[in-house]
$ cat final-v1.cif   # mmCIF, C-alpha atoms and all ligand atoms
data_coords
#
loop_
_atom_site.label_atom_id
_atom_site.label_comp_id
_atom_site.auth_asym_id
_atom_site.auth_seq_id
_atom_site.Cartn_x
_atom_site.Cartn_y
_atom_site.Cartn_z
CA MET A 346 26.83 10.56 84.98
CA GLY A 347 24.22 13.29 85.29
CA ASN A 348 22.30 15.06 82.60
CA SER A 349 24.09 18.36 82.77
CA ASN A 350 26.67 17.48 80.16
CA ARG A 351 24.16 15.72 78.00
CA LEU A 352 25.49 15.91 74.48
CA TRP A 353 24.82 14.52 71.06
CA PRO A 354 23.22 12.58 69.60
CA SER A 355 20.45 11.64 71.94
CA PHE A 356 18.69 14.88 71.43
CA PHE A 357 20.08 16.06 68.15
CA LYS A 358 16.90 14.97 66.42
CA ASN A 359 15.09 17.46 68.59
CA ILE A 360 17.62 20.21 68.19
CA SER A 361 18.10 19.86 64.49
CA GLY A 362 14.64 18.65 63.63
CA VAL A 363 16.48 16.45 61.20
CA THR A 364 15.19 12.94 61.39
CA LEU A 365 17.08 9.72 61.45
CA THR A 366 15.75 6.74 59.61
CA ALA A 367 16.87 3.37 60.76
CA ILE A 368 17.21 0.27 58.70
CA ALA A 369 13.91 -0.85 57.26
CA VAL A 370 13.32 -4.43 56.52
CA THR A 371 10.64 -4.43 53.94
CA GLN A 372 13.11 -3.89 51.12
CA LEU A 373 15.22 -6.93 51.94
CA PRO A 374 15.18 -9.72 49.39
CA ILE A 375 12.24 -11.62 50.75
CA ALA A 376 9.93 -13.90 48.85
CA LYS A 377 6.52 -13.00 47.55
CA ALA A 378 3.46 -13.66 49.66
CA GLU A 379 2.67 -17.31 50.11
CA TYR A 380 -1.12 -17.49 49.97
CA ASN A 381 -2.97 -16.28 46.91
CA PHE A 382 -6.68 -16.75 46.42
CA THR A 383 -9.37 -15.99 43.85
CA TYR A 384 -13.15 -15.89 44.27
CA GLY A 385 -14.65 -14.93 40.92
CA ASP A 386 -13.58 -11.35 40.18
CA LEU A 387 -12.01 -10.91 43.62
CA SER A 388 -8.41 -11.97 44.13
CA GLY A 389 -5.93 -11.39 46.88
CA SER A 390 -2.94 -12.49 48.86
CA THR A 391 -2.06 -12.79 52.51
CA SER A 392 1.29 -12.99 54.24
CA VAL A 393 2.82 -12.68 57.68
CA LEU A 394 6.34 -11.30 57.97
CA VAL A 395 8.17 -12.01 61.22
CA GLY A 396 11.52 -10.41 61.98
CA GLY A 397 14.04 -10.06 64.75
CA ALA A 398 17.37 -8.47 65.49
CA ALA A 399 20.02 -8.92 68.17
CA LEU A 400 22.60 -6.20 68.62
CA SER A 401 25.62 -5.79 70.84
CA THR A 402 27.42 -2.44 70.85
CA LYS A 403 30.59 -1.20 72.54
CA GLY A 404 32.14 2.23 72.83
CA VAL A 405 28.68 3.73 72.28
CA ASN A 406 28.98 7.30 70.97
CA PHE A 407 32.77 6.89 70.95
CA GLY A 408 32.73 6.20 74.69
CA LEU A 409 30.42 9.05 75.65
CA GLY A 410 27.71 6.48 76.36
CA GLN A 411 24.12 5.58 75.54
CA ILE A 412 22.03 8.59 76.50
CA ASP A 413 18.31 8.05 77.05
CA TYR A 414 16.39 10.36 74.72
CA ARG A 415 13.59 10.86 77.25
CA SER A 416 15.41 11.14 80.59
CA GLY A 417 18.89 12.20 79.49
CA GLU A 418 20.40 9.49 81.68
CA ASN A 419 23.69 8.04 80.55
CA HIS A 420 23.67 4.23 80.74
CA GLY A 421 27.32 3.70 79.90
CA ASP A 422 29.10 2.85 76.70
CA ARG A 423 27.75 -0.67 76.13
CA ALA A 424 24.25 -1.47 74.91
CA ASP A 425 22.83 -4.90 74.06
CA TRP A 426 19.28 -5.29 72.88
CA PHE A 427 16.75 -7.31 70.88
CA GLU A 428 14.08 -6.15 68.49
CA THR A 429 11.18 -8.24 67.18
CA PHE A 430 8.21 -7.52 64.97
CA ILE A 431 5.33 -9.21 63.20
CA LYS A 432 3.48 -7.84 60.18
CA PRO A 433 0.35 -9.58 58.86
CA LYS A 434 -0.79 -8.25 55.51
CA LEU A 435 -3.82 -8.63 53.24
CA GLU A 436 -4.04 -7.33 49.68
CA LEU A 437 -7.25 -7.43 47.63
CA LYS A 438 -8.06 -6.75 43.99
CA TYR A 439 -11.48 -6.65 42.36
CA ASP A 440 -11.83 -6.64 38.57
CA LEU A 441 -15.01 -4.81 37.67
CA ASN A 442 -14.38 -5.26 33.95
CA ASP A 443 -11.42 -5.36 31.56
CA SER A 444 -10.42 -1.75 32.17
CA VAL A 445 -11.62 -0.95 35.71
CA LYS A 446 -10.14 -2.51 38.85
CA PHE A 447 -10.28 -1.73 42.53
CA PHE A 448 -7.49 -2.61 44.96
CA SER A 449 -6.69 -2.25 48.64
CA GLY A 450 -4.05 -3.18 51.18
CA LEU A 451 -4.32 -3.67 54.88
CA SER A 452 -1.55 -4.51 57.33
CA PHE A 453 -0.52 -3.83 60.89
CA ILE A 454 2.77 -4.14 62.72
CA THR A 455 3.45 -5.20 66.28
CA THR A 456 6.92 -4.35 67.58
CA HIS A 457 8.92 -4.96 70.73
CA THR A 458 12.36 -3.92 72.01
CA SER A 459 14.00 -5.66 74.97
CA GLY A 460 17.30 -5.33 76.78
CA ASP A 461 19.12 -2.00 77.04
CA GLY A 462 17.31 -0.32 74.14
CA ASP A 463 19.11 0.94 71.04
CA ALA A 464 22.55 2.55 71.27
CA GLY A 465 21.11 5.94 70.32
CA GLY A 466 18.80 5.91 73.37
CA TYR A 467 15.68 6.38 71.21
CA THR A 468 14.11 3.17 72.55
CA ARG A 469 14.21 1.33 75.89
CA GLY A 470 13.64 -2.27 76.85
CA GLY A 471 9.86 -2.74 77.03
CA ASP A 472 9.03 -0.31 74.23
CA GLY A 473 6.84 -1.47 71.36
CA ARG A 474 3.28 -1.30 70.16
CA THR A 475 0.78 -2.33 67.54
CA SER A 476 -0.26 0.12 64.84
CA TRP A 477 -1.72 0.21 61.35
CA GLU A 478 0.80 0.13 58.56
CA ASP A 479 -0.98 -0.12 55.19
CA LEU A 480 -4.61 0.95 55.01
CA TYR A 481 -5.40 2.11 51.51
CA LEU A 482 -7.98 1.89 48.76
CA GLY A 483 -7.40 2.40 45.08
CA ALA A 484 -9.05 2.33 41.69
CA GLN A 485 -7.47 1.72 38.31
CA TYR A 486 -8.71 2.65 34.86
CA LYS A 487 -6.45 1.27 32.13
CA ASP A 488 -2.99 2.82 32.76
CA LEU A 489 -4.21 5.34 35.35
CA SER A 490 -4.70 4.60 39.02
CA ILE A 491 -5.50 6.55 42.13
CA SER A 492 -4.99 5.35 45.70
CA ALA A 493 -5.46 6.95 49.07
CA GLY A 494 -4.93 6.20 52.75
CA ARG A 495 -1.81 4.88 54.50
CA GLN A 496 0.70 3.37 52.10
CA SER A 497 4.36 3.18 51.14
CA TYR A 498 5.78 5.48 48.53
CA VAL A 499 9.30 5.52 47.11
CA ILE A 500 10.86 7.85 44.54
CA GLY A 501 13.86 6.44 42.67
CA ASN A 502 16.08 4.57 45.10
CA GLY A 503 14.86 6.37 48.22
CA PHE A 504 17.37 9.26 48.22
CA ILE A 505 14.64 11.73 49.26
CA ILE A 506 11.31 9.88 49.66
CA ALA A 507 11.11 6.28 50.89
CA ASP A 508 10.19 6.07 54.57
CA GLY A 509 7.30 7.94 56.13
CA HIS A 510 7.63 6.58 59.62
CA LEU A 511 10.46 6.93 62.10
CA GLY A 512 10.15 4.14 64.66
CA MET A 513 11.28 5.38 68.07
CA LEU A 514 10.24 5.88 71.70
CA ASP A 515 7.17 3.78 72.62
CA GLU A 516 7.06 2.27 69.12
CA GLY A 517 10.27 0.31 69.72
CA THR A 518 12.47 -1.35 67.05
CA TYR A 519 14.45 1.77 66.21
CA TRP A 520 17.15 -0.17 64.35
CA GLY A 521 15.07 -2.79 62.55
CA ASP A 522 12.38 -0.20 61.87
CA PRO A 523 9.71 -2.20 59.99
CA ARG A 524 7.32 0.76 59.70
CA ARG A 525 7.56 2.96 56.61
CA ALA A 526 4.06 3.78 55.33
CA PHE A 527 3.10 7.43 54.88
CA GLU A 528 -0.12 8.85 56.31
CA ASP A 529 -2.83 10.83 54.48
CA THR A 530 -1.62 9.83 51.04
CA ILE A 531 -3.15 10.39 47.63
CA ILE A 532 -1.17 8.97 44.74
CA LEU A 533 -2.28 9.41 41.13
CA ARG A 534 -0.18 7.15 38.94
CA TYR A 535 0.29 6.65 35.22
CA ALA A 536 2.04 3.36 34.52
CA GLY A 537 1.44 1.32 31.45
CA LYS A 538 3.38 -0.55 28.83
CA SER A 539 5.24 2.52 27.60
CA ALA A 540 8.70 3.46 28.89
CA PHE A 541 7.27 6.52 30.63
CA SER A 542 5.61 6.48 34.06
CA ALA A 543 4.64 9.29 36.41
CA GLU A 544 2.92 10.09 39.67
CA ALA A 545 1.32 13.13 41.22
CA PHE A 546 1.37 12.62 44.97
CA THR A 547 0.81 14.01 48.41
CA VAL A 548 2.12 12.06 51.40
CA THR A 549 2.62 12.94 55.08
CA THR A 550 5.24 11.61 57.49
CA ASP A 551 4.57 10.47 61.05
CA LYS A 552 4.81 12.61 64.21
CA HIS A 553 8.47 11.73 64.85
CA MET A 554 9.23 13.40 61.53
CA GLY A 555 6.99 16.38 62.25
CA HIS A 556 4.02 15.41 60.03
CA GLN A 557 5.73 17.10 57.09
CA LYS A 558 3.55 17.03 53.99
CA LEU A 559 5.40 16.25 50.76
CA SER A 560 3.50 16.95 47.55
CA GLY A 561 4.64 16.93 43.96
CA ILE A 562 5.25 15.16 40.72
CA ASN A 563 7.65 12.35 39.84
CA MET A 564 8.52 11.02 36.38
CA ASP A 565 10.56 8.06 35.19
CA TYR A 566 11.67 7.09 31.73
CA ASN A 567 13.24 3.73 30.87
CA SER A 568 15.72 4.22 28.08
CA THR A 569 17.91 1.60 26.43
CA TYR A 570 20.84 2.70 28.57
CA GLY A 571 19.10 3.07 31.92
CA LYS A 572 16.39 4.91 33.80
CA LEU A 573 16.04 8.69 33.81
CA GLY A 574 14.02 10.32 36.55
CA ALA A 575 12.98 13.76 37.75
CA ALA A 576 10.85 14.98 40.62
CA TYR A 577 9.45 18.18 42.06
CA ILE A 578 8.50 18.14 45.75
CA HIS A 579 6.90 20.89 47.82
CA VAL A 580 7.09 20.76 51.64
CA SER A 581 4.33 22.14 53.88
CA ASP A 582 2.38 21.70 57.13
CA THR A 583 5.36 20.65 59.27
CA ASP A 584 4.61 20.66 63.02
CA SER A 585 5.73 23.91 64.64
CA ASN A 586 8.33 22.37 66.98
CA PHE A 587 10.07 20.78 64.00
CA GLN A 588 9.60 23.89 61.91
CA ARG A 589 11.33 25.98 64.62
CA THR A 590 14.44 23.82 64.76
CA ALA A 591 14.75 22.87 61.09
CA PRO A 592 12.45 25.05 58.98
CA LYS A 593 11.25 23.39 55.81
CA ASN A 594 7.74 24.71 55.09
CA GLY A 595 7.73 26.38 51.70
CA MET A 596 10.71 24.42 50.45
CA ASN A 597 10.75 23.27 46.82
CA VAL A 598 12.92 20.31 45.90
CA TYR A 599 14.10 19.68 42.32
CA ASP A 600 15.56 16.23 41.76
CA PHE A 601 17.26 14.65 38.73
CA ARG A 602 18.59 11.10 38.55
CA LEU A 603 20.14 8.47 36.32
CA MET A 604 19.70 4.92 37.53
CA SER A 605 21.28 1.64 36.41
CA MET A 606 22.96 3.30 33.42
CA LYS A 607 24.97 1.12 31.07
CA LEU A 608 27.69 2.28 28.72
CA PRO A 609 27.71 0.60 25.32
CA GLY A 610 30.15 -2.30 25.31
CA ILE A 611 30.80 -2.34 29.09
CA ASP A 612 28.03 -4.56 30.40
CA ASP A 613 29.75 -5.21 33.73
CA LEU A 614 29.69 -1.55 34.73
CA THR A 615 26.56 0.05 36.20
CA LEU A 616 26.41 3.79 36.92
CA ASP A 617 24.00 5.70 39.15
CA ALA A 618 23.81 9.39 39.93
CA GLU A 619 21.39 11.87 41.45
CA TYR A 620 21.43 15.62 41.98
CA ALA A 621 18.87 17.59 43.96
CA VAL A 622 18.48 21.12 45.25
CA GLN A 623 16.23 22.64 47.92
CA ARG A 624 15.13 26.15 46.97
CA GLY A 625 12.45 28.72 47.60
CA SER A 626 11.53 30.53 50.79
CA GLY A 627 9.06 30.25 53.57
CA GLU A 628 8.42 31.69 57.04
CA GLY A 629 11.47 33.97 56.96
CA VAL A 630 13.94 31.42 55.64
CA GLU A 631 15.52 30.96 52.23
CA PHE A 632 16.44 27.44 51.20
CA LYS A 633 19.82 26.77 49.58
CA GLY A 634 20.50 23.09 50.25
CA ASN A 635 21.84 20.59 47.78
CA ALA A 636 22.77 16.92 47.69
CA TRP A 637 24.14 14.53 45.10
CA TYR A 638 25.85 11.24 44.64
CA ALA A 639 27.61 9.32 41.90
CA GLN A 640 28.16 5.59 42.02
CA ALA A 641 29.96 3.02 39.89
CA ALA A 642 29.46 -0.71 40.40
CA TYR A 643 31.55 -3.26 38.55
CA THR A 644 30.63 -6.94 38.40
CA PHE A 645 33.45 -9.30 37.48
CA SER A 646 31.17 -11.55 35.47
CA ALA A 647 34.04 -13.68 34.14
CA LEU A 648 35.25 -14.61 37.65
CA PRO A 649 33.79 -17.42 39.74
CA ALA A 650 31.07 -16.14 42.10
CA THR A 651 30.90 -12.86 40.12
CA PRO A 652 32.25 -10.49 42.81
CA GLN A 653 30.96 -6.93 42.70
CA ILE A 654 32.89 -3.80 43.71
CA THR A 655 31.01 -0.54 44.30
CA TYR A 656 32.34 2.96 44.86
CA ARG A 657 30.02 5.82 45.72
CA TYR A 658 30.63 9.46 46.58
CA ALA A 659 27.73 11.28 48.25
CA ALA A 660 27.56 14.88 49.47
CA PHE A 661 24.85 16.60 51.52
CA SER A 662 25.33 20.31 52.13
CA GLY A 663 25.82 21.83 55.57
CA ASP A 664 25.29 25.34 56.91
CA ASP A 665 28.10 27.45 58.38
CA ASP A 666 25.87 30.25 59.66
CA ALA A 667 22.58 29.30 61.29
CA THR A 668 21.61 32.95 61.85
CA ASP A 669 21.77 34.42 58.34
CA GLY A 670 18.20 33.56 57.33
CA LYS A 671 19.45 31.10 54.73
CA ARG A 672 19.15 27.40 55.35
CA GLU A 673 22.03 25.91 53.35
CA SER A 674 21.93 22.48 54.99
CA TRP A 675 20.31 19.67 53.05
CA ASP A 676 17.15 18.31 54.70
CA PRO A 677 16.97 14.51 54.24
CA LEU A 678 13.14 14.75 54.32
CA ALA A 679 11.82 11.15 54.10
CA LYS A 680 14.86 9.27 52.78
CA GLY A 681 14.94 5.62 53.73
CA TYR A 682 16.79 2.37 53.89
CA MET A 683 16.70 0.48 50.59
CA GLU A 684 19.88 -1.60 50.72
CA ARG A 685 23.10 -1.67 52.73
CA GLY A 686 24.55 1.84 52.68
CA ALA A 687 21.54 3.52 51.04
CA TRP A 688 20.26 5.70 52.46
CA VAL A 689 21.17 4.86 56.01
CA ILE A 690 24.90 5.33 55.37
CA GLY A 691 26.86 3.09 57.73
CA ASP A 692 24.95 0.84 60.14
CA ILE A 693 26.41 2.76 63.09
CA THR A 694 27.09 6.23 61.67
CA GLY A 695 23.82 6.35 59.73
CA ASN A 696 21.69 5.21 62.65
CA TYR A 697 23.22 7.14 65.55
CA LEU A 698 25.64 9.85 64.37
CA LEU A 699 24.98 11.44 60.97
CA ASN A 700 21.81 11.71 58.93
CA ASN A 701 22.51 12.77 55.34
CA SER A 702 22.96 16.44 56.12
CA ASN A 703 26.26 18.34 56.45
CA GLU A 704 27.91 15.11 55.38
CA VAL A 705 30.33 14.04 52.67
CA VAL A 706 30.97 10.32 52.41
CA GLY A 707 32.96 8.02 50.19
CA MET A 708 31.91 4.37 50.24
CA TRP A 709 33.69 1.24 49.04
CA LYS A 710 31.76 -2.00 49.07
CA ALA A 711 32.76 -5.49 47.92
CA ALA A 712 30.31 -8.36 47.74
CA PHE A 713 31.14 -11.99 46.98
CA PRO A 714 28.13 -14.23 46.29
CA ILE A 715 29.96 -17.47 47.06
CA THR A 716 26.82 -19.57 46.57
CA PRO A 717 23.28 -18.59 45.53
CA GLU A 718 22.39 -18.66 49.24
CA VAL A 719 25.43 -16.94 50.78
CA THR A 720 26.99 -13.56 50.07
CA LEU A 721 30.03 -12.37 52.01
CA GLY A 722 31.16 -8.80 51.85
CA ALA A 723 32.89 -5.79 53.31
CA ALA A 724 32.23 -2.06 53.26
CA TYR A 725 34.26 0.99 54.16
CA TYR A 726 32.96 4.53 54.64
CA ASP A 727 34.98 7.73 55.00
CA PHE A 728 32.80 10.37 56.67
CA ASP A 729 33.55 14.08 56.55
CA LEU A 730 31.42 17.05 57.49
CA ASP A 731 30.60 19.60 54.77
CA LYS A 732 30.94 22.53 57.22
CA ARG A 733 32.90 22.72 60.46
CA ASN A 734 30.06 22.08 62.89
CA TYR A 735 28.21 19.07 64.26
CA TYR A 736 24.51 19.97 64.45
CA GLY A 737 25.55 23.52 65.32
CA THR A 738 28.43 22.69 67.68
CA ALA A 739 31.64 24.13 66.22
CA VAL A 740 34.46 21.68 65.50
CA SER A 741 37.97 22.39 64.24
CA SER A 742 38.04 19.86 61.39
CA LYS A 743 35.73 18.38 58.77
CA GLU A 744 37.25 14.93 59.35
CA PHE A 745 34.53 13.02 61.22
CA ALA A 746 35.03 9.24 61.29
CA ASP A 747 35.67 6.05 59.31
CA GLU A 748 33.34 3.05 59.46
CA ALA A 749 34.36 -0.45 58.39
CA ALA A 750 31.98 -3.39 58.10
CA ILE A 751 32.06 -7.06 57.28
CA PHE A 752 28.83 -8.87 56.56
CA ALA A 753 27.25 -12.18 55.55
CA ASP A 754 23.82 -12.36 53.91
CA LEU A 755 22.16 -15.78 54.00
CA THR A 756 19.01 -16.75 52.14
CA LEU A 757 18.33 -20.05 53.82
CA THR A 758 15.10 -20.84 52.01
CA LYS A 759 13.12 -18.63 49.70
CA ASN A 760 11.27 -17.29 52.74
CA ALA A 761 14.06 -17.05 55.33
CA TYR A 762 16.69 -14.36 55.34
CA ILE A 763 19.50 -13.73 57.82
CA THR A 764 22.19 -11.10 57.80
CA LEU A 765 25.12 -10.86 60.20
CA SER A 766 27.45 -7.91 60.35
CA TYR A 767 30.20 -6.41 62.44
CA ASN A 768 30.81 -2.69 62.16
CA GLN A 769 33.47 -0.52 63.73
CA VAL A 770 33.69 3.26 63.62
CA LYS A 771 36.95 5.09 64.35
CA PRO A 772 36.48 8.70 65.39
CA LYS A 773 38.52 11.41 63.71
CA THR A 774 39.06 15.00 64.85
CA ALA A 775 35.46 16.28 64.71
CA ALA A 776 33.93 13.20 66.37
CA LYS A 777 36.64 13.21 69.06
CA GLU A 778 35.88 16.85 69.89
CA VAL A 779 32.12 16.24 70.21
CA PHE A 780 32.08 12.71 71.66
CA GLY A 781 35.23 10.85 72.67
CA ASP A 782 38.07 8.82 71.25
CA LYS A 783 36.91 5.21 71.69
CA ASP A 784 35.98 3.02 68.73
CA PHE A 785 32.19 2.56 68.43
CA SER A 786 31.43 -1.01 67.36
CA ALA A 787 28.36 -3.16 66.81
CA PHE A 788 27.68 -6.82 66.19
CA GLN A 789 24.32 -7.20 64.49
CA VAL A 790 22.18 -10.18 63.56
CA TYR A 791 18.95 -9.66 61.71
CA ALA A 792 16.51 -12.27 60.41
CA THR A 793 13.12 -12.36 58.74
CA TYR A 794 10.75 -15.14 57.85
CA LEU A 795 7.78 -14.76 55.54
CA PHE A 796 4.82 -17.07 56.14
CA CA A 801 10.70 3.66 59.10
CA CA A 802 22.77 29.71 56.90
#
$ encode --input "final-v1.cif" --output "structure tokens"
Amino acid sequence: MGNSNRLWPSFFKNISGVTLTAIAVTQLPIAKAEYNFTYGDLSGSTSVLVGGAALSTKGVNFGLGQIDYRSGENHGDRADWFETFIKPKLELKYDLNDSVKFFSGLSFITTHTSGDGDAGGYTRGGDGRTSWEDLYLGAQYKDLSISAGRQSYVIGNGFIIADGHLGMLDEGTYWGDPRRAFEDTIILRYAGKSAFSAEAFTVTTDKHMGHQKLSGINMDYNSTYGKLGAAYIHVSDTDSNFQRTAPKNGMNVYDFRLMSMKLPGIDDLTLDAEYAVQRGSGEGVEFKGNAWYAQAAYTFSALPATPQITYRYAAFSGDDDATDGKRESWDPLAKGYMERGAWVIGDITGNYLLNNSNEVVGMWKAAFPITPEVTLGAAYYDFDLDKRNYYGTAVSSKEFADEAAIFADLTLTKNAYITLSYNQVKPKTAAKEVFGDKDFSAFQVYATYLF
């Protein structure tokens, strides 16, 4: 199995410059830090988060095989691997007086991958390292604060900005992906008792995402019926190799969203929607991308165990002519994992095959919280392409694949969380033309413990 026929996706990140973002763990329902302390005006908390994942995949890349990102070697269509990480964290706050406070956060993450490496070939057994995660300082005056350094930043539910770090190669833990802090951040925030909050920000992604600098303004307003949000983001300073393959410098993003909206008299129904466009021009390219989603979630509050059914339709534009000087494909920028299906859509498809660009996906999800500790559920995703190409390779149909998943989420104690899932992806015409016709499946166990 030589390199000559090396295909997607093991180098599509390089070709497209579009970055994948694997599942991040820090948003999982874990308990608050365990150790709080106060010495006079100084207070703080410490915690250590430990996590691990075991994954077994078959029919990798629909039978094409696991292709090493670095060497191009094909290791066959099964991959089994483990990922582990540890994240100690310290947060400090100093109250100078009633209206002035200083705060800081400091954490690092040590990661390790063993076994065959992830199915996408982005990591190998033996990869992993220790690096700073949070390293920031901030000051607060009444409702205004400013912070700078390395820190996390999320807009809305992470549709565009959530994860500043793509764990891959020597960093290990591609799938579990505990790293998400942005570099070189400055965040000026207004957040008080009023319903309105806002930030002016500049944040930079890591090298695997081309050090793209995202700067702008975000606003949120909590109304009686839900949360309204809007953001403006300007993209600059992307590394030249990324800029060549997926130009984004000069791009302006305009984002509008409605979150957790309630209709009068229908308390069991929750609606979410977001619409964003990428416009402007830069370095010989005009930007014409757009993306949106609409979601309805219904909780059967009168039934035992209050089952919840969710339907979501999401569309990310593609580009049918890469040579016309117009970039019509949506750039996922720094989107990130926030919960199952958002915004890594499909544990298999979203990690190894598609990345919220040239993608149209309908999702059904059902969750049954049978006890306070145990939730069982299932999800189904119908993936289509927006335009008839897969990262530039022409295909004859927009029908890409279907992914089905069953899962169990267990909160064993308030500090221990385990999730088990089995996912299976069936290729349709486009995926069969690019990859192969085998089902791509994964059994996944993931656990965290917070000390
Ligand atoms: Ca990450
Ligand atoms: Ca075009």
$ closest_residue --input "final-v1.cif" --among "A:Phe796, A:Asn597, A:Phe713, A:Arg672" --to "Ile654 of chain A" --atoms "only C-alpha atoms"
A:Phe713
$ closest_atom_pairs --input "final-v1.cif" --of "chain A" --to "ligand CA 801 (chain A)" --cutoff "12 Å" --atoms "only C-alpha atoms and all ligand atoms" --output "Markdown table"
| residue | atom | partner | partner_atom | distance |
| --- | --- | --- | --- | --- |
| A:Thr364 | CA | A:CA801 | CA | 10.6 |
| A:Leu365 | CA | A:CA801 | CA | 9.1 |
| A:Thr366 | CA | A:CA801 | CA | 5.9 |
| A:Ala367 | CA | A:CA801 | CA | 6.4 |
| A:Ile368 | CA | A:CA801 | CA | 7.4 |
| A:Ala369 | CA | A:CA801 | CA | 5.8 |
| A:Val370 | CA | A:CA801 | CA | 8.9 |
| A:Thr371 | CA | A:CA801 | CA | 9.6 |
| A:Gln372 | CA | A:CA801 | CA | 11.2 |
| A:Ile454 | CA | A:CA801 | CA | 11.7 |
| A:Glu478 | CA | A:CA801 | CA | 10.5 |
| A:Ser497 | CA | A:CA801 | CA | 10.2 |
| A:Tyr498 | CA | A:CA801 | CA | 11.8 |
| A:Gly503 | CA | A:CA801 | CA | 12.0 |
| A:Ile506 | CA | A:CA801 | CA | 11.3 |
| A:Ala507 | CA | A:CA801 | CA | 8.6 |
| A:Asp508 | CA | A:CA801 | CA | 5.2 |
| A:Gly509 | CA | A:CA801 | CA | 6.2 |
| A:His510 | CA | A:CA801 | CA | 4.3 |
| A:Leu511 | CA | A:CA801 | CA | 4.4 |
| A:Gly512 | CA | A:CA801 | CA | 5.6 |
| A:Met513 | CA | A:CA801 | CA | 9.2 |
| A:Glu516 | CA | A:CA801 | CA | 10.8 |
| A:Gly517 | CA | A:CA801 | CA | 11.1 |
| A:Thr518 | CA | A:CA801 | CA | 9.6 |
| A:Tyr519 | CA | A:CA801 | CA | 8.3 |
| A:Trp520 | CA | A:CA801 | CA | 9.2 |
| A:Gly521 | CA | A:CA801 | CA | 8.5 |
| A:Asp522 | CA | A:CA801 | CA | 5.0 |
| A:Pro523 | CA | A:CA801 | CA | 6.0 |
| A:Arg524 | CA | A:CA801 | CA | 4.5 |
| A:Arg525 | CA | A:CA801 | CA | 4.1 |
| A:Ala526 | CA | A:CA801 | CA | 7.6 |
| A:Phe527 | CA | A:CA801 | CA | 9.5 |
| A:Thr550 | CA | A:CA801 | CA | 9.8 |
| A:Asp551 | CA | A:CA801 | CA | 9.4 |
| A:Lys552 | CA | A:CA801 | CA | 11.9 |
| A:His553 | CA | A:CA801 | CA | 10.2 |
| A:Met554 | CA | A:CA801 | CA | 10.1 |
| A:Ala679 | CA | A:CA801 | CA | 9.1 |
| A:Lys680 | CA | A:CA801 | CA | 9.4 |
| A:Gly681 | CA | A:CA801 | CA | 7.1 |
| A:Tyr682 | CA | A:CA801 | CA | 8.1 |
| A:Met683 | CA | A:CA801 | CA | 10.9 |
| A:Trp688 | CA | A:CA801 | CA | 11.8 |
| A:Val689 | CA | A:CA801 | CA | 11.0 |
| A:Asn696 | CA | A:CA801 | CA | 11.7 |
$ closest_residue --input "final-v1.cif" --among "A:Gly695, A:Gly707, A:Gly722, A:Gly634" --to "ligand CA 802 (chain A)" --atoms "all atoms listed in the file"
A:Gly634
$ residues_near_ligand --input "final-v1.cif" --ligand "ligand CA 802 (chain A)" --cutoff "7 Å" --atoms "all atoms listed in the file" --output "VMD selection string"
chain A and resid 664 to 673
$ residues_around --input "final-v1.cif" --residues "segment 760-765 of chain A" --least-positions-apart "3" --cutoff "6 Å" --atoms "all atoms listed in the file" --output "ChimeraX atom specification"
/A:376,752-757,789-795
